[in-house]
Structure formats: structure tokens, C-alpha cells
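Participant: This structure is in C-alpha cells; I'll ask about it shortly.
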Amino acid sequence: MKKIKILAISGSLRSNAANTNILKNIGKITGEGIDFEIFEGLEKFPHFNPGFDEDNVHVADFRQKIQNADGVIICTPEYAFGVPGVLKNALDWIVSTGELNDKPVAAISASPLNGGGDKALASLLLTLTALGTVKNEKSSLSIPNIKHKLGTDGEVIDRSLNQSLALVLENLFALINLKLK
């Protein structure tokens with residue numbers, strides 16, 4: 001039986017960032033038969049220029065990993081009420097090549113504020129719609145007050161958050177299974 005491949009993308013460049021830790025926690029609950037990878041290297045992408053689709057090794061690797069994935073999970077912080085520039089830049093690089101077209105996705109935002117990064121999440125969902133992804137009303141999650149939900153080691157210590165992450169992951173698997181049929 002073929003392993004399901006999930007590519008996870010953090011909108012934060014810090015290795016110990018809350019959003020990266022959320023993805024690490026999701027990776028631990030994926031179960032057997034799942035190939036789960038967190039993409040690294042968004043900071044190596046050149047600035048997007050639609051007239052100059054250069055053969056950048058980092059962009060090419062990103063495109064290939066998305067293409068090979070059965071599903072994608074993106075977890076992002078909110079910077080100035082939006083998606084961090086590095087994440088938006090990476091997503092812009094795949095507009096013309098379409099690797100996310102018809103790809104099941106999950107979108108998560110986590111913030112220390114009460115809004116949970118809801119504006120970044122809304123922006124990300126708009127971008128994912130423009131990219132032709134497969135998602136539904138259960139494909140997204142906004143996590144407020146994240147600092148109280150992660151331990152000092154980055155582990156999720158909030159039972160409700162663990163359940164919510166499991167539901168988002170379960171929904172992503174359901175979307176993947178519908179596509180694979």
C-alpha cells in the first residue's frame with residue numbers, strides 16, 4: 001500500500017516558532033503509513049518576479065515536494081494582519097506552475113493574541129482558493145493564545161488543541177482519500 005505523503009509548511013522561519021511546533025506536533029499524530037515532512041528553506045527563495053521564472057534550486061525543490069505530496073498543511077503566524085512575506089513569496093512562486101491545483105490542503109494560524117491570527121488565516125485561505133486547492137469548512141483552524149497551549153519544549157499541552165489538530169488532520173486525510181479514489 002502506498003504511503004500518503006504530507007508536506008507541511010511553516011510561515012515562520014524560526015525553528016522553535018509556535019507555528020513550526022504545531023506542525024511538529026501534527027507530525028507525531030499522523031500515524032503509520034504517513035510520510036510527513038516539514039519543508040525547510042523558504043528563506044532561500046528569491047523575491048518573486050512573474051516575468052523571471054528562474055531555475056532556482058530551492059524553488060524547484062519546493063515545487064517538486066508539493067507535486068509529490070498527497071496533501072499539504074500550512075501553519076502560519078500573523079504579521080501586521082497578514083501572511084508573512086516569506087510564505088506569500090513561496091506561494092507566489094507556484095502560481096504559474098500549478099502544483100497546488102486540485103491538491104488537498106489544511107490551513108492553520110496560531111497567534112499569542114485572542115484573534116488567533118484570523119486575518120492571516122483569511123488571507124491564506126484566499127490565496128489557497130486562487131491556487132485551486134481542495135478544501136472545505138473543516139480545512140482550517142485558528143489557534144488563539146498559543147503561548148498558553150504549548151509547553152516550553154514546544155509540545156501541545158492543551159487537550160482541546162490536540163483534539164482540534166486531530167480533526168483538521170482527519171479532514172485532510174478524508175479529502176486525500178476522495179481524491180485518490
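Residues are named by chain letter and number: chains run A, B, ... in the order of the C-alpha cells, numbers start at 1 in each chain, and ligands are numbered from 1 in the order shown.
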I want to know what sits within 9 Å of A:Pro104, based on only C-alpha atoms, with residues of the same chain fewer than 4 positions away left out; could you give that as a list in words?
Facilitator: Asp70, Gly71, Val72, Ile73, Leu100, Thr133, Val134, Lys135, Ser139, Leu172, Phe173, Leu175, Ile176 and Lys179 of chain A
Participant: Extract the full set of alpha helix (DSSP H) residues from stretch 2-80 of chain A according to DSSP on the backbone, and format it as number ranges by chain.
Facilitator: A: 18-29, 57-68
Participant: If you run DSSP on the backbone, which residues of stretch 1-180 of chain A are strand (DSSP E or B), as a PyMOL selection string?
Facilitator: chain A and resi 4-10+34-38+71-76+79+82+104-110+134+140-143+150+156
Participant: Measuring between only C-alpha atoms, which one of A:Gln64, A:Asn136, A:Asn25, A:Thr30 shows the shortest distance to A:Val105?
Facilitator: A:Asn136
Participant: Given the choices A:Arg159, A:His148, A:Lys138, A:Lys88, which gets closest to A:Leu113 if the distance is worked out from only C-alpha atoms?
Facilitator: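 For A:Leu113, the nearest of the candidates is A:His148.
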Participant: Hey, which of A:Asp153, A:Asp61, A:Glu78, A:Glu137 ends up closest to A:Phe45? Count only C-alpha atoms.
Facilitator: A:Asp61
Participant: Please provide as a ChimeraX atom specification all residues within 8 Å of A:Phe81, with the sequence filter that same-chain residues fewer than 2 positions apart are discarded (counting only C-alpha atoms).
Facilitator: /A:78-79,83,117,119-120
